[in-house]
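Asker: Quick one: this structure, given as structure tokens, is what I'll be asking you about.
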Amino acid sequence: THTPETEEYGIRSFVYRARRPFHPERFHTLVESEWPGVVRSKGYFWHASEPAMAGNWSQAGAVARHGPAGYWWAAIPEDRWPTDAESIEQISAKWDKDVGDARQELVLIGMDMDEVALRASFDACLLSDEEMAQGPKSWMKMTNPLPGWN
């Protein structure tokens, strides 16, 4: 019988999801740290200092890339949205009544990852209740140490 490589080498994955933006400096600290066991990660992130923009994340080994990916649909006036049923269905599938489609959605792939610890590291980057209550106008005043966002 054939043993899949995922089983043979212990490769697994999980998706980190959240509906709060990352604090830019806390996220930068996490980006600059080691993620034990993670060999690949990718997805989209929501950065408080740029609340209307989706961030694109791609990491393989020691190389990581990030930057603006475009606007969240929540930041686009509805009269400028696509009108075809398939696009509307895709937007609706990711929609939250409070924050629209803005979200954290990062896939982490690796070996011997401590999922609980990694999730806790990402959670620690999210805005606190107090920071959330200040709203996007306040968030945009936060310093963004990630290059390429200005």
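Residues in the structure tokens are numbered from 1 in each chain, the chains being A, B, ... in the order shown, and ligands are numbered from 1 in the order shown.
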Which polymer residues have any atom within 10 Å of an atom of Tyr16 of chain A, counting only C-alpha atoms, with same-chain residues fewer than 6 positions away left out, as a JSON list (two decimals) with N, CA, C and O atoms, in the first residue's frame?

Answerer:
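Dumped to result-v9.json:
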[["chain", "number", "residue", "atom", "x", "y", "z"],
["A", 43, "GLY", "N", -2.05, 33.40, 2.33],
["A", 43, "GLY", "CA", -3.42, 33.83, 2.53],
["A", 43, "GLY", "C", -3.54, 35.34, 2.56],
["A", 43, "GLY", "O", -2.70, 36.06, 2.02],
["A", 104, "GLN", "N", -8.90, 37.74, 8.72],
["A", 104, "GLN", "CA", -7.63, 37.01, 8.68],
["A", 104, "GLN", "C", -7.96, 35.63, 8.13],
["A", 104, "GLN", "O", -8.90, 34.99, 8.60],
["A", 105, "GLU", "N", -7.23, 35.20, 7.13],
["A", 105, "GLU", "CA", -7.42, 33.86, 6.58],
["A", 105, "GLU", "C", -6.07, 33.38, 6.05],
["A", 105, "GLU", "O", -5.71, 33.64, 4.91],
["A", 106, "LEU", "N", -5.34, 32.72, 6.93],
["A", 106, "LEU", "CA", -3.98, 32.28, 6.63],
["A", 106, "LEU", "C", -3.88, 30.77, 6.79],
["A", 106, "LEU", "O", -4.26, 30.22, 7.82],
["A", 107, "VAL", "N", -3.36, 30.11, 5.77],
["A", 107, "VAL", "CA", -3.14, 28.67, 5.80],
["A", 107, "VAL", "C", -1.68, 28.44, 6.20],
["A", 107, "VAL", "O", -0.77, 29.03, 5.61],
["A", 108, "LEU", "N", -1.49, 27.60, 7.20],
["A", 108, "LEU", "CA", -0.13, 27.25, 7.64],
["A", 108, "LEU", "C", 0.09, 25.76, 7.38],
["A", 108, "LEU", "O", -0.76, 24.93, 7.74],
["A", 115, "GLU", "N", 0.04, 23.88, 16.81],
["A", 115, "GLU", "CA", -1.09, 24.68, 16.34],
["A", 115, "GLU", "C", -1.64, 25.59, 17.44],
["A", 115, "GLU", "O", -1.95, 26.76, 17.18],
["A", 118, "LEU", "N", 0.77, 28.51, 17.84],
["A", 118, "LEU", "CA", 0.72, 29.40, 16.67],
["A", 118, "LEU", "C", -0.57, 30.22, 16.66],
["A", 118, "LEU", "O", -0.54, 31.43, 16.42],
["A", 119, "ARG", "N", -1.69, 29.58, 16.94],
["A", 119, "ARG", "CA", -2.97, 30.31, 17.00],
["A", 119, "ARG", "C", -2.90, 31.39, 18.08],
["A", 119, "ARG", "O", -3.36, 32.52, 17.87],
["A", 122, "PHE", "N", -0.97, 34.41, 16.80],
["A", 122, "PHE", "CA", -1.78, 35.25, 15.91],
["A", 122, "PHE", "C", -2.84, 36.00, 16.71],
["A", 122, "PHE", "O", -3.07, 37.20, 16.49],
["A", 123, "ASP", "N", -3.50, 35.31, 17.63],
["A", 123, "ASP", "CA", -4.53, 35.96, 18.45],
["A", 123, "ASP", "C", -3.97, 37.16, 19.21],
["A", 123, "ASP", "O", -4.64, 38.18, 19.37]]

Asker: Would you return as a ChimeraX atom specification the members of segment 33-113 of chain A that DSSP assigns to helix (DSSP H, G or I) on this structure's backbone?

Answerer: /A:73-75,78-80,85-93

Asker: Restricting it to N, CA and C atoms, dump the selection as a compact mmCIF listing (two decimals), in the first residue's frame.

Answerer:
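Contents of part10.txt, freshly written:
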# COMPACT_ATOMS: atom_id res chain seq x y z
N TRP A 73 -14.18 44.09 -0.23
CA TRP A 73 -15.45 44.51 -0.82
C TRP A 73 -16.20 45.46 0.10
N ALA A 74 -16.02 45.31 1.39
CA ALA A 74 -16.69 46.17 2.37
C ALA A 74 -16.31 47.65 2.17
N ALA A 75 -15.15 47.91 1.54
CA ALA A 75 -14.69 49.28 1.32
C ALA A 75 -15.12 49.84 -0.03
N GLU A 78 -21.40 49.54 -2.99
CA GLU A 78 -22.10 48.39 -3.58
C GLU A 78 -22.45 48.61 -5.05
N ASP A 79 -22.66 49.86 -5.47
CA ASP A 79 -23.00 50.10 -6.87
C ASP A 79 -21.80 49.85 -7.80
N ARG A 80 -20.61 49.58 -7.22
CA ARG A 80 -19.43 49.26 -8.03
C ARG A 80 -19.06 47.79 -7.94
N ALA A 85 -24.34 36.58 -10.57
CA ALA A 85 -24.72 35.76 -9.41
C ALA A 85 -23.52 35.05 -8.77
N GLU A 86 -22.60 34.56 -9.58
CA GLU A 86 -21.45 33.83 -9.04
C GLU A 86 -20.58 34.75 -8.17
N SER A 87 -20.30 35.96 -8.62
CA SER A 87 -19.49 36.90 -7.84
C SER A 87 -20.20 37.30 -6.56
N ILE A 88 -21.47 37.59 -6.65
CA ILE A 88 -22.24 37.97 -5.46
C ILE A 88 -22.25 36.82 -4.45
N GLU A 89 -22.36 35.60 -4.94
CA GLU A 89 -22.33 34.42 -4.06
C GLU A 89 -20.98 34.30 -3.36
N GLN A 90 -19.89 34.54 -4.10
CA GLN A 90 -18.55 34.47 -3.51
C GLN A 90 -18.36 35.55 -2.44
N ILE A 91 -18.83 36.75 -2.70
CA ILE A 91 -18.72 37.83 -1.72
C ILE A 91 -19.56 37.49 -0.49
N SER A 92 -20.77 37.05 -0.71
CA SER A 92 -21.68 36.72 0.40
C SER A 92 -21.15 35.59 1.27
N ALA A 93 -20.46 34.65 0.66
CA ALA A 93 -19.94 33.49 1.40
C ALA A 93 -18.92 33.91 2.46

Asker: Per DSSP on the backbone, filter chain A down to the residues in strand (DSSP E) and report them as a ChimeraX atom specification.

Answerer: /A:11-18,38-46,53-60,63-71,104-111

Asker: Rank A:Ser13, A:Ala102, A:Asp96, A:Glu32 by their smallest atom-to-atom distance to Tyr44 of chain A, using only C-alpha atoms, and report the top residue only.

Answerer: A:Ala102

Asker: My list of candidates is A:Glu130, A:Val63, A:Asp84, A:Pro77. Which is closest to Glu34 of chain A when distances are computed with only C-alpha atoms?

Answerer: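 Closest to Glu34 of chain A, using only C-alpha atoms: A:Val63.
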
Asker: Nearest residue to Ala60 of chain A out of A:Arg17, A:His47, A:Arg40, A:Arg12, using only C-alpha atoms?

Answerer: A:Arg40

Asker: As a PyMOL selection string, please: the residues near Asn56 of chain A (cut-off 9 Å, only C-alpha atoms, same-chain neighbours under 5 positions excluded).

Answerer: chain A and resi 42-45+65-70

Asker: Taking N, CA, C and O atoms for each residue, export the selection above as a PDB file, in the first residue's frame.

Answerer:
ATOM      1  N   LYS A  42       0.296  31.000   3.603  1.00  0.00           N
ATOM      2  CA  LYS A  42      -0.209  31.903   2.569  1.00  0.00           C
ATOM      3  C   LYS A  42      -1.630  32.311   2.928  1.00  0.00           C
ATOM      4  O   LYS A  42      -2.300  31.655   3.722  1.00  0.00           O
ATOM      5  N   GLY A  43      -2.047  33.397   2.328  1.00  0.00           N
ATOM      6  CA  GLY A  43      -3.416  33.827   2.533  1.00  0.00           C
ATOM      7  C   GLY A  43      -3.536  35.337   2.555  1.00  0.00           C
ATOM      8  O   GLY A  43      -2.699  36.061   2.018  1.00  0.00           O
ATOM      9  N   TYR A  44      -4.619  35.775   3.204  1.00  0.00           N
ATOM     10  CA  TYR A  44      -4.930  37.195   3.294  1.00  0.00           C
ATOM     11  C   TYR A  44      -4.981  37.614   4.747  1.00  0.00           C
ATOM     12  O   TYR A  44      -5.328  36.826   5.621  1.00  0.00           O
ATOM     13  N   PHE A  45      -4.610  38.876   4.980  1.00  0.00           N
ATOM     14  CA  PHE A  45      -4.709  39.394   6.338  1.00  0.00           C
ATOM     15  C   PHE A  45      -5.282  40.802   6.316  1.00  0.00           C
ATOM     16  O   PHE A  45      -5.269  41.500   5.306  1.00  0.00           O
ATOM     17  N   ARG A  65       6.759  37.107   1.755  1.00  0.00           N
ATOM     18  CA  ARG A  65       6.358  38.294   0.991  1.00  0.00           C
ATOM     19  C   ARG A  65       4.999  38.737   1.491  1.00  0.00           C
ATOM     20  O   ARG A  65       4.141  37.899   1.790  1.00  0.00           O
ATOM     21  N   HIS A  66       4.820  40.032   1.546  1.00  0.00           N
ATOM     22  CA  HIS A  66       3.535  40.582   1.960  1.00  0.00           C
ATOM     23  C   HIS A  66       3.366  41.945   1.331  1.00  0.00           C
ATOM     24  O   HIS A  66       4.340  42.595   0.938  1.00  0.00           O
ATOM     25  N   GLY A  67       2.122  42.358   1.226  1.00  0.00           N
ATOM     26  CA  GLY A  67       1.836  43.675   0.681  1.00  0.00           C
ATOM     27  C   GLY A  67       0.353  43.815   0.413  1.00  0.00           C
ATOM     28  O   GLY A  67      -0.430  42.880   0.615  1.00  0.00           O
ATOM     29  N   PRO A  68      -0.047  44.983  -0.061  1.00  0.00           N
ATOM     30  CA  PRO A  68      -1.453  45.208  -0.358  1.00  0.00           C
ATOM     31  C   PRO A  68      -1.923  44.293  -1.491  1.00  0.00           C
ATOM     32  O   PRO A  68      -1.230  44.097  -2.480  1.00  0.00           O
ATOM     33  N   ALA A  69      -3.118  43.716  -1.311  1.00  0.00           N
ATOM     34  CA  ALA A  69      -3.684  42.832  -2.334  1.00  0.00           C
ATOM     35  C   ALA A  69      -4.869  43.468  -3.036  1.00  0.00           C
ATOM     36  O   ALA A  69      -5.348  42.945  -4.030  1.00  0.00           O
ATOM     37  N   GLY A  70      -5.358  44.573  -2.532  1.00  0.00           N
ATOM     38  CA  GLY A  70      -6.540  45.225  -3.082  1.00  0.00           C
ATOM     39  C   GLY A  70      -7.500  45.556  -1.954  1.00  0.00           C
ATOM     40  O   GLY A  70      -7.221  45.314  -0.786  1.00  0.00           O
TER      41      GLY A  70
END

Asker: When you count only C-alpha atoms, which of these residues is closest to Ala117 of chain A: A:Glu5, A:Pro36, A:Phe22, A:Thr83?

Answerer: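 Going through A:Glu5, A:Pro36, A:Phe22, A:Thr83 one by one, the smallest distance to Ala117 of chain A is for A:Pro36.
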
Asker: Select, from A:Met142, A:Ala64, A:Ala52, A:Ala124, the residue with the minimum atom-to-atom distance to Ala18 of chain A, counting only C-alpha atoms.

Answerer: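 That would be A:Ala124, the residue with the smallest distance to Ala18 of chain A.
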
Asker: Can you tell me how far atom CA of Ser49 of chain A sits from atom CA of Asp114 of chain A, in Å to one decimal?

Answerer: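 The value is 28.9 Å.
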
Asker: Between A:Asp98, A:Glu50, A:Glu25, A:Glu8, which one has atoms that come closest to Ser138 of chain A, using only C-alpha atoms?

Answerer: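 Smallest separation from Ser138 of chain A among the options: A:Glu50.
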